[in-house]
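Q: Below is final.txt; it holds compact mmCIF, C-alpha atoms.
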# COMPACT_ATOMS: atom_id res chain seq x y z
CA MET A 1 74.80 118.77 63.62
CA GLY A 2 71.16 118.26 64.64
CA GLU A 3 71.53 114.49 64.62
CA SER A 4 74.65 114.57 66.79
CA PHE A 5 72.97 116.97 69.24
CA SER A 6 69.89 114.76 69.49
CA ALA A 7 72.04 111.69 70.09
CA ALA A 8 74.06 113.55 72.71
CA VAL A 9 70.86 114.30 74.61
CA LEU A 10 69.21 110.91 74.14
CA ILE A 11 72.14 108.61 74.97
CA PRO A 12 72.71 109.74 78.63
CA HIS A 13 68.95 109.68 79.21
CA LEU A 14 68.60 106.10 77.96
CA ALA A 15 71.69 104.93 79.85
CA ASN A 16 70.43 106.46 83.08
CA SER A 17 67.04 104.82 82.52
CA GLY A 18 68.59 101.38 82.37
CA LYS A 19 68.36 101.10 78.57
CA GLU A 20 72.10 100.86 77.99
CA GLU A 21 71.87 98.47 75.03
CA GLU A 22 69.64 100.91 73.16
CA ALA A 23 71.98 103.75 74.07
CA LYS A 24 74.99 101.76 72.83
CA THR A 25 73.23 101.06 69.51
CA ILE A 26 72.43 104.73 68.96
CA PHE A 27 76.01 105.79 69.74
CA THR A 28 77.59 103.09 67.54
CA THR A 29 75.26 103.96 64.65
CA ALA A 30 75.94 107.68 65.01
CA VAL A 31 79.71 107.10 64.94
CA ALA A 32 79.47 104.74 61.94
CA GLN A 33 77.36 107.25 59.99
CA GLY A 34 79.69 110.11 60.78
CA SER A 35 77.08 112.02 62.75
CA PHE A 36 79.64 112.98 65.35
CA THR A 37 82.22 115.41 64.00
CA SER A 38 83.12 117.32 67.15
CA ALA A 39 85.60 115.68 69.56
CA PRO A 40 84.68 118.09 72.41
CA LEU A 41 81.00 117.16 72.03
CA VAL A 42 81.88 113.44 72.23
CA ALA A 43 84.04 114.07 75.27
CA GLN A 44 81.18 115.93 76.96
CA LEU A 45 78.78 113.08 76.13
CA ILE A 46 81.06 110.39 77.58
CA SER A 47 81.87 112.46 80.66
CA GLN A 48 78.19 113.13 81.32
CA THR A 49 77.41 109.43 81.05
CA ALA A 50 80.24 108.58 83.47
CA GLU A 51 79.08 111.22 85.94
CA LEU A 52 75.67 109.51 85.99
CA GLY A 53 77.44 106.42 87.30
CA ARG A 54 77.18 104.53 83.99
CA TRP A 55 80.88 103.79 83.65
CA GLU A 56 80.25 100.60 81.65
CA MET A 57 78.39 102.63 79.06
CA SER A 58 81.20 105.20 79.02
CA LEU A 59 83.74 102.42 78.52
CA SER A 60 81.68 100.96 75.66
CA MET A 61 81.60 104.35 73.97
CA LEU A 62 85.37 104.70 74.30
CA LYS A 63 85.88 101.21 72.87
CA THR A 64 83.73 102.15 69.88
CA LEU A 65 85.90 105.21 69.25
CA GLY A 66 89.13 103.24 69.63
CA ALA A 67 88.02 100.48 67.24
CA THR A 68 89.40 102.06 64.06
CA GLN A 69 91.92 104.68 63.07
CA GLU A 70 89.14 106.88 61.64
CA THR A 71 86.96 106.80 64.76
CA SER A 72 89.96 107.27 67.06
CA GLN A 73 90.17 110.81 65.70
CA LEU A 74 87.15 111.56 67.89
CA LEU A 75 88.94 110.48 71.07
CA PRO A 76 89.32 113.36 73.55
CA THR A 77 92.80 114.80 73.91
CA SER A 78 92.54 116.01 77.50
CA ALA A 79 94.36 114.22 80.30
CA ASP A 80 91.73 115.55 82.69
CA PHE A 81 89.00 113.74 80.72
CA PHE A 82 90.74 110.37 80.79
CA ARG A 83 91.59 110.79 84.46
CA ARG A 84 87.91 111.27 85.32
CA ILE A 85 86.91 108.15 83.38
CA ILE A 86 89.71 106.10 84.96
CA ASP A 87 88.72 107.38 88.40
CA ALA A 88 85.16 106.18 87.77
CA SER A 89 86.31 102.70 86.71
CA PRO A 90 85.97 100.23 89.60
CA HIS A 91 88.02 97.51 87.90
CA TRP A 92 91.71 97.52 87.05
CA SER A 93 91.21 96.08 83.55
CA ALA A 94 88.79 98.85 82.57
CA ALA A 95 91.08 101.54 83.98
CA LEU A 96 94.03 100.01 82.14
CA TYR A 97 92.11 99.94 78.88
CA VAL A 98 91.21 103.62 79.22
CA PHE A 99 94.83 104.42 80.06
CA HIS A 100 96.02 102.80 76.84
CA LEU A 101 93.29 104.58 74.88
CA ALA A 102 94.70 107.83 76.23
CA ARG A 103 98.09 106.85 74.83
CA THR A 104 96.41 106.07 71.49
CA ALA A 105 95.02 109.60 71.53
CA GLU A 106 98.57 110.82 72.25
CA VAL A 107 97.54 112.14 75.64
CA ARG A 108 100.47 112.47 78.01
CA PRO A 109 99.52 110.76 81.30
CA ASP A 110 99.63 112.97 84.37
CA SER A 111 100.69 111.79 87.83
CA ARG A 112 97.13 111.34 89.12
CA MET A 113 96.10 109.20 86.13
CA VAL A 114 99.14 106.96 86.50
CA SER A 115 98.67 106.71 90.25
CA ILE A 116 95.07 105.50 89.91
CA VAL A 117 95.88 102.81 87.34
CA ILE A 118 98.98 101.48 89.10
CA GLY A 119 97.15 101.57 92.44
CA LEU A 120 94.26 99.49 91.04
CA CYS A 121 96.71 96.97 89.56
CA ASP A 122 98.57 96.76 92.87
CA ALA A 123 95.36 96.27 94.85
CA ALA A 124 94.19 93.55 92.45
CA GLY A 125 97.52 91.74 92.59
CA VAL A 126 98.21 92.13 88.86
CA TRP A 127 101.70 93.45 89.50
CA SER A 128 103.02 92.57 86.06
CA GLU A 129 100.66 95.18 84.55
CA ALA A 130 101.93 97.80 87.00
CA THR A 131 105.55 97.09 86.00
CA LYS A 132 104.56 97.35 82.32
CA ILE A 133 103.34 100.89 82.94
CA TYR A 134 106.73 101.65 84.47
CA ASP A 135 108.42 100.21 81.35
CA LEU A 136 106.16 102.37 79.20
CA ALA A 137 107.06 105.46 81.23
CA VAL A 138 110.75 104.74 80.68
CA LYS A 139 110.24 104.12 76.97
CA GLU A 140 107.96 107.07 76.23
CA GLY A 141 109.47 109.53 78.67
CA PHE A 142 106.75 110.33 81.20
CA MET A 143 108.75 109.36 84.30
CA GLU A 144 107.73 112.61 85.97
CA SER A 145 104.24 111.11 86.28
CA LEU A 146 105.53 108.46 88.70
CA THR A 147 106.53 110.76 91.53
CA LEU A 148 103.42 110.53 93.74
CA GLU A 149 104.12 108.67 96.98
CA SER A 150 101.28 106.20 96.43
CA THR A 151 102.57 105.43 92.92
CA TYR A 152 106.07 104.75 94.15
CA GLN A 153 104.90 102.45 96.94
CA SER A 154 102.69 100.47 94.56
CA LEU A 155 105.55 100.11 92.08
CA VAL A 156 107.97 98.88 94.73
CA ARG A 157 105.46 96.24 95.82
CA SER A 158 104.97 95.27 92.19
CA PHE A 159 108.73 94.97 91.59
CA ALA A 160 108.99 92.81 94.69
CA ALA A 161 106.14 90.53 93.63
CA GLU A 162 107.61 90.15 90.14
CA ARG A 163 111.16 89.66 91.48
CA GLN A 164 112.36 92.60 89.36
CA TRP A 165 114.85 93.97 91.85
CA GLU A 166 116.98 95.50 89.07
CA LYS A 167 114.14 97.84 88.11
CA ALA A 168 113.64 98.69 91.75
CA LEU A 169 117.26 99.76 91.97
CA GLU A 170 116.89 101.80 88.79
CA ALA A 171 114.04 103.60 90.51
CA LEU A 172 116.57 105.07 92.92
CA THR A 173 117.55 107.52 90.17
CA TRP A 174 114.15 109.20 90.26
CA MET A 175 113.25 108.48 93.88
CA THR A 176 114.55 111.89 94.96
CA LYS A 177 111.63 113.50 93.15
CA ALA A 178 109.29 111.85 95.65
CA GLY A 179 108.84 113.04 99.23
CA ASP A 180 111.30 112.17 101.99
CA ALA A 181 108.86 109.79 103.67
CA SER A 182 108.15 108.04 100.39
CA THR A 183 111.85 107.79 99.61
CA ALA A 184 112.70 106.24 102.98
CA ALA A 185 109.77 103.82 102.87
CA GLY A 186 110.69 102.83 99.33
CA LYS A 187 114.30 102.18 100.27
CA CYS A 188 113.18 100.03 103.20
CA GLU A 189 111.12 97.89 100.87
CA LEU A 190 114.07 97.70 98.48
CA VAL A 191 116.30 96.35 101.23
CA GLU A 192 113.77 93.66 102.11
CA MET A 193 113.13 92.79 98.48
CA CYS A 194 116.80 92.51 97.50
CA GLN A 195 117.64 90.43 100.56
CA GLU A 196 114.79 88.02 99.85
CA ALA A 197 115.96 87.75 96.23
CA GLY A 198 119.45 86.78 97.38
CA GLN A 199 120.96 90.05 96.18
CA TRP A 200 122.73 90.88 99.42
CA GLU A 201 125.15 93.34 97.83
CA ALA A 202 122.25 95.45 96.56
CA ALA A 203 120.48 95.22 99.92
CA LEU A 204 123.63 96.47 101.66
CA ALA A 205 124.20 99.25 99.13
CA VAL A 206 120.75 100.70 99.84
CA GLY A 207 120.34 99.69 103.48
CA VAL A 208 123.66 100.82 104.94
CA GLU A 209 123.32 104.30 103.44
CA LEU A 210 119.79 104.56 104.82
CA PHE A 211 120.82 103.28 108.26
CA ASP A 212 123.73 105.71 108.44
CA HIS A 213 121.51 108.74 107.81
CA HIS A 214 118.06 107.73 109.10
CA PRO A 215 118.35 104.66 111.37
CA GLU A 216 115.09 105.51 113.12
CA LEU A 217 113.16 105.00 109.87
CA LEU A 218 114.05 101.31 109.59
CA SER A 219 111.39 98.94 110.89
CA GLU A 220 112.34 95.78 112.78
CA LYS A 221 111.77 93.77 109.60
CA THR A 222 113.94 96.06 107.48
CA SER A 223 116.78 96.13 110.00
CA LEU A 224 116.69 92.33 110.20
CA SER A 225 116.80 92.12 106.40
CA LEU A 226 119.85 94.36 106.45
CA LEU A 227 121.57 92.17 109.05
CA LEU A 228 120.67 89.02 107.10
CA ALA A 229 122.27 90.57 104.03
CA CYS A 230 125.41 91.06 106.14
CA ALA A 231 125.19 87.39 107.17
CA SER A 232 124.94 86.27 103.54
CA GLY A 233 128.03 88.23 102.60
CA GLY A 234 130.01 87.67 105.79
CA ARG A 235 130.08 91.41 106.50
CA TRP A 236 130.49 90.88 110.23
CA GLU A 237 131.95 94.33 110.93
CA THR A 238 128.95 96.04 109.33
CA ALA A 239 126.55 93.74 111.17
CA PHE A 240 128.27 94.35 114.50
CA SER A 241 128.26 98.11 113.93
CA ILE A 242 124.52 98.09 113.19
CA TYR A 243 123.79 95.88 116.20
CA LYS A 244 125.90 98.10 118.46
CA LYS A 245 124.05 101.23 117.34
CA GLN A 246 120.70 99.52 117.85
CA ARG A 247 121.66 98.70 121.44
CA GLU A 248 122.80 102.24 122.17
CA ASP A 249 120.08 104.30 120.45
CA ILE A 250 116.81 104.25 122.39
CA ARG A 251 114.91 105.23 119.22
CA LEU A 252 115.79 101.93 117.59
CA SER A 253 114.04 98.65 118.18
CA PRO A 254 116.13 95.69 117.00
CA HIS A 255 114.36 92.56 115.79
CA PRO A 256 114.37 89.67 118.33
CA LEU A 257 116.49 87.65 115.88
CA ALA A 258 118.97 90.48 115.22
CA VAL A 259 121.68 88.90 117.37
CA CYS A 260 121.29 85.63 115.43
CA ALA A 261 121.90 87.43 112.15
CA VAL A 262 125.01 89.09 113.60
CA LEU A 263 126.28 85.72 114.84
CA GLN A 264 125.70 84.18 111.42
CA SER A 265 127.67 86.99 109.77
CA CYS A 266 130.60 86.18 112.05
CA ILE A 267 130.31 82.47 111.22
CA THR A 268 130.16 83.17 107.49
CA ALA A 269 133.33 85.26 107.83
CA GLU A 270 134.91 82.60 110.09
CA ARG A 271 135.35 85.13 112.88
CA TRP A 272 134.91 82.68 115.74
CA ALA A 273 136.12 84.87 118.60
CA GLU A 274 133.85 87.72 117.46
CA ALA A 275 130.87 85.36 117.45
CA LEU A 276 131.46 84.48 121.10
CA ARG A 277 131.89 88.16 121.90
CA VAL A 278 128.52 88.94 120.30
CA LEU A 279 126.85 86.24 122.40
CA SER A 280 128.48 87.61 125.54
CA ILE A 281 127.19 91.12 124.77
CA ALA A 282 123.71 89.80 124.03
CA ARG A 283 123.63 87.92 127.35
CA GLU A 284 124.30 91.20 129.15
CA ASP A 285 121.07 92.56 127.65
CA GLN A 286 118.89 89.73 128.95
CA THR A 287 117.46 91.99 131.62
CA THR A 288 115.69 93.99 128.90
CA THR A 289 115.54 91.60 125.92
CA VAL A 290 114.94 87.90 125.44
CA LEU A 291 117.89 86.02 123.98
CA PRO A 292 116.65 83.52 121.35
CA PRO A 293 117.75 79.88 121.91
CA MET A 294 119.08 79.94 118.35
CA ALA A 295 121.77 82.38 119.45
CA HIS A 296 123.38 79.76 121.70
CA ARG A 297 123.24 77.17 118.93
CA LEU A 298 124.91 79.52 116.46
CA ALA A 299 127.65 80.30 118.98
CA MET A 300 128.02 76.55 119.50
CA LYS A 301 128.40 76.13 115.74
CA ALA A 302 131.19 78.71 115.74
CA CYS A 303 133.00 76.81 118.50
CA VAL A 304 132.69 73.47 116.74
CA GLN A 305 133.83 74.80 113.38
CA SER A 306 136.85 76.43 115.02
CA GLY A 307 137.69 73.38 117.16
CA ARG A 308 137.11 75.24 120.44
CA TRP A 309 135.87 72.22 122.38
CA SER A 310 136.41 73.74 125.81
CA SER A 311 134.22 76.66 124.71
CA VAL A 312 131.54 74.18 123.66
CA MET A 313 131.36 72.89 127.22
CA GLN A 314 131.29 76.42 128.58
CA LEU A 315 128.41 77.28 126.27
CA LEU A 316 126.48 74.23 127.37
CA GLN A 317 126.91 75.41 130.95
CA THR A 318 125.80 78.89 129.88
CA MET A 319 122.67 77.43 128.29
CA LYS A 320 121.91 75.66 131.54
CA GLU A 321 122.35 78.91 133.48
CA ASP A 322 120.03 80.68 131.04
CA GLY A 323 117.38 78.04 131.61
CA LEU A 324 117.63 76.47 128.16
CA PRO A 325 117.16 72.69 127.91
CA HIS A 326 119.78 70.63 126.10
CA ASP A 327 118.37 68.80 123.09
CA ASN A 328 119.95 65.61 121.74
CA HIS A 329 122.21 67.57 119.41
CA SER A 330 123.54 69.70 122.28
CA GLN A 331 124.08 66.63 124.47
CA ARG A 332 125.97 64.92 121.67
CA LEU A 333 128.16 67.99 121.11
CA GLY A 334 128.93 68.07 124.82
CA MET A 335 129.79 64.36 124.77
CA TRP A 336 132.23 64.86 121.90
CA ALA A 337 133.74 68.03 123.37
CA ALA A 338 134.29 66.42 126.78
CA ALA A 339 135.82 63.34 125.18
CA ILE A 340 138.22 65.39 123.09
CA GLU A 341 139.17 67.44 126.16
CA GLY A 342 139.89 64.24 128.11
CA GLN A 343 136.92 64.56 130.48
CA TRP A 344 135.49 61.06 130.07
CA GLU A 345 133.17 61.23 133.08
CA LEU A 346 131.53 64.37 131.73
CA SER A 347 131.36 62.77 128.29
CA LEU A 348 129.59 59.75 129.77
CA SER A 349 127.23 62.06 131.66
CA TYR A 350 126.15 63.72 128.39
CA LEU A 351 125.55 60.29 126.84
CA LYS A 352 123.28 59.34 129.74
CA HIS A 353 121.04 62.29 128.91
CA ILE A 354 120.50 61.10 125.33
CA PRO A 355 117.48 58.75 125.16
CA MET A 356 118.33 55.14 124.31
CA GLN A 357 116.41 55.21 121.02
CA ASN A 358 118.46 58.21 119.85
CA ARG A 359 121.90 56.83 120.64
CA THR A 360 124.12 55.62 117.80
CA LEU A 361 126.89 53.08 117.50
CA GLN A 362 129.27 55.98 116.98
CA ASP A 363 128.26 57.40 120.38
CA ARG A 364 129.13 54.13 122.09
CA MET A 365 132.44 53.90 120.24
CA LEU A 366 133.32 57.45 121.30
CA ILE A 367 132.84 56.62 124.99
CA ARG A 368 134.90 53.44 124.64
CA GLY A 369 137.67 55.37 122.93
CA ALA A 370 137.62 58.16 125.52
CA THR A 371 138.15 55.74 128.40
CA ARG A 372 140.36 53.07 126.86
CA TYR A 373 143.67 54.78 127.61
CA VAL A 374 142.68 56.67 130.75
CA SER A 375 142.74 53.82 133.25
CA PRO A 376 141.42 50.27 133.59
CA SER A 377 138.82 51.44 136.09
CA ALA A 378 137.53 54.17 133.75
CA SER A 379 137.32 51.73 130.88
CA SER A 380 135.53 49.23 133.15
CA ILE A 381 132.96 51.78 134.33
CA ALA A 382 132.16 52.88 130.80
CA LEU A 383 131.96 49.33 129.47
CA ARG A 384 129.72 48.22 132.31
CA TYR A 385 127.32 51.13 131.62
CA LEU A 386 127.26 50.49 127.89
CA GLN A 387 126.61 46.77 128.35
CA SER A 388 123.81 47.46 130.80
CA LYS A 389 122.05 49.65 128.27
Starting from the coordinates I provided, produce the structure as structure tokens.
A:
Amino acid sequence: MGESFSAAVLIPHLANSGKEEEAKTIFTTAVAQGSFTSAPLVAQLISQTAELGRWEMSLSMLKTLGATQETSQLLPTSADFFRRIIDASPHWSAALYVFHLARTAEVRPDSRMVSIVIGLCDAAGVWSEATKIYDLAVKEGFMESLTLESTYQSLVRSFAAERQWEKALEALTWMTKAGDASTAAGKCELVEMCQEAGQWEAALAVGVELFDHHPELLSEKTSLSLLLACASGGRWETAFSIYKKQREDIRLSPHPLAVCAVLQSCITAERWAEALRVLSIAREDQTTTVLPPMAHRLAMKACVQSGRWSSVMQLLQTMKEDGLPHDNHSQRLGMWAAAIEGQWELSLSYLKHIPMQNRTLQDRMLIRGATRYVSPSASSIALRYLQSK
């Protein structure tokens, strides 16, 4: 007993004096010789060393105890003890090692202990280790230790980084144990994660329910992810409903590309008329919001795919009214649309706006075909222009 007491006094003193190697030798020798027989005394010794800021020494002492089955009997059995050591560990690997030592000592992790370790793993970008702790919690039944808001947020980020969206969805079963703010924030991240992983059904399952009950909690990024999920699945009615509510509710701030996602959902579902209706509604909002140029191009795509060539020309005029320049693709679409609609002069006009180096043989053939059966004069005008260029 005297030897263990002397060692317990000497070791913290040496460690605090910068003589950690000597302190480690004394502790290792005392353990090997069986001088320490009291687990509480060992726990007090390690805690005292950690409180002096010598966490590396404390970690070394714990590693010595965890080296064999016999010495592991001296490991403390208090969750509070392991939490203090983990809290003093500045590095994720050290904290993780202490966490697993606690499991070796059959200590049930509490929420604070789990939160610290997962938080350190998240901050260090070692998300696979954070997800392994989640797996361990499922396996060994300490899920109640995962209910702190910080723990949940770190786990969701880890699931996202590791592309483990299935586990993130499983987390919904215990999410209700967390706070309302944590639950909503977690669901928002789930929507974004599932959409990015191509799991649009899962994104909709979580996102639509959240939007129906708490639309004001969705950030611009989350709401766009939800609309993009609608676009992937062709859920145009859901997308339109979300977009309509965003326009009407002053609390909501739709993403600048929201209208593009709604248009794409209509295109995916082959709802051409609805796509044009969405563009028309979005144009009405131009006094308060900026309509992305992509919106016109998506509406143009809907017209082309549905064979609405007259609408193509109307859209090109609309783009001009909205101050959007026509690129070569738009000019070529206009040329084709006008030719199909029998407006050869307009078709030729669009061709003239395409730079010479970007014109194709097919463009020239289209103009010739559009004028051949109109009249000799029309054919002559077109041919003369083509030959001059």
Q: Considering all atoms listed in the file, return as a count of residues only whatever protein or nucleic-acid residues lie within 10 Å of Met319 of chain A, sequence-local ones (same chain, fewer than 4 positions apart) excluded.
A: 11
Q: Distance atom CA of Asn328 of chain A-atom CA of Thr288 of chain A, one decimal place?
A: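 Here the two named atoms are 29.6 Å from each other.
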Q: List as a VMD selection string the protein and nucleic acid residues near Pro40 of chain A, meaning an atom at most 7 Å away when all atoms listed in the file are counted, but skip any in the same chain fewer than 3 places from it.
A: chain A and resid 43 to 44 76
Q: Distance table requested - segment 54-131 of chain A against segment 140-150 of chain A, cut-off 12 Å, only C-alpha atoms: one row per qualifying residue with the closest atom pair and its distance in Å to one decimal, ordered by chain and rising residue number, as JSON lines.
A:
{"residue": "A:Ala79", "atom": "CA", "partner": "A:Ser145", "partner_atom": "CA", "distance": 12.0}
{"residue": "A:Arg103", "atom": "CA", "partner": "A:Glu140", "partner_atom": "CA", "distance": 10.0}
{"residue": "A:Glu106", "atom": "CA", "partner": "A:Glu140", "partner_atom": "CA", "distance": 10.9}
{"residue": "A:Val107", "atom": "CA", "partner": "A:Phe142", "partner_atom": "CA", "distance": 10.9}
{"residue": "A:Arg108", "atom": "CA", "partner": "A:Phe142", "partner_atom": "CA", "distance": 7.4}
{"residue": "A:Pro109", "atom": "CA", "partner": "A:Ser145", "partner_atom": "CA", "distance": 6.9}
{"residue": "A:Asp110", "atom": "CA", "partner": "A:Ser145", "partner_atom": "CA", "distance": 5.3}
{"residue": "A:Ser111", "atom": "CA", "partner": "A:Ser145", "partner_atom": "CA", "distance": 3.9}
{"residue": "A:Arg112", "atom": "CA", "partner": "A:Ser145", "partner_atom": "CA", "distance": 7.7}
{"residue": "A:Met113", "atom": "CA", "partner": "A:Ser145", "partner_atom": "CA", "distance": 8.4}
{"residue": "A:Val114", "atom": "CA", "partner": "A:Ser145", "partner_atom": "CA", "distance": 6.6}
{"residue": "A:Ser115", "atom": "CA", "partner": "A:Ser150", "partner_atom": "CA", "distance": 6.7}
{"residue": "A:Ile116", "atom": "CA", "partner": "A:Ser150", "partner_atom": "CA", "distance": 9.0}
{"residue": "A:Val117", "atom": "CA", "partner": "A:Ser150", "partner_atom": "CA", "distance": 11.1}
{"residue": "A:Ile118", "atom": "CA", "partner": "A:Ser150", "partner_atom": "CA", "distance": 9.0}
{"residue": "A:Gly119", "atom": "CA", "partner": "A:Ser150", "partner_atom": "CA", "distance": 7.4}
{"residue": "A:Leu120", "atom": "CA", "partner": "A:Ser150", "partner_atom": "CA", "distance": 11.1}
{"residue": "A:Asp122", "atom": "CA", "partner": "A:Ser150", "partner_atom": "CA", "distance": 10.4}
{"residue": "A:Ala123", "atom": "CA", "partner": "A:Ser150", "partner_atom": "CA", "distance": 11.7}
{"residue": "A:Ala130", "atom": "CA", "partner": "A:Leu146", "partner_atom": "CA", "distance": 11.4}
{"residue": "A:Thr131", "atom": "CA", "partner": "A:Leu146", "partner_atom": "CA", "distance": 11.7}
Q: To one decimal in Å, tell me the separation between atom CA of Ala258 of chain A and atom CA of Phe240 of chain A.
A: 10.1 Å
Q: Can you pull out every residue within 8 Å of Ala370 of chain A, counting all atoms listed in the file, but drop anything in the same chain fewer than 4 positions away, and send it as JSON, numbers by chain?
A: {"A": [339, 340, 342, 344, 366, 374]}
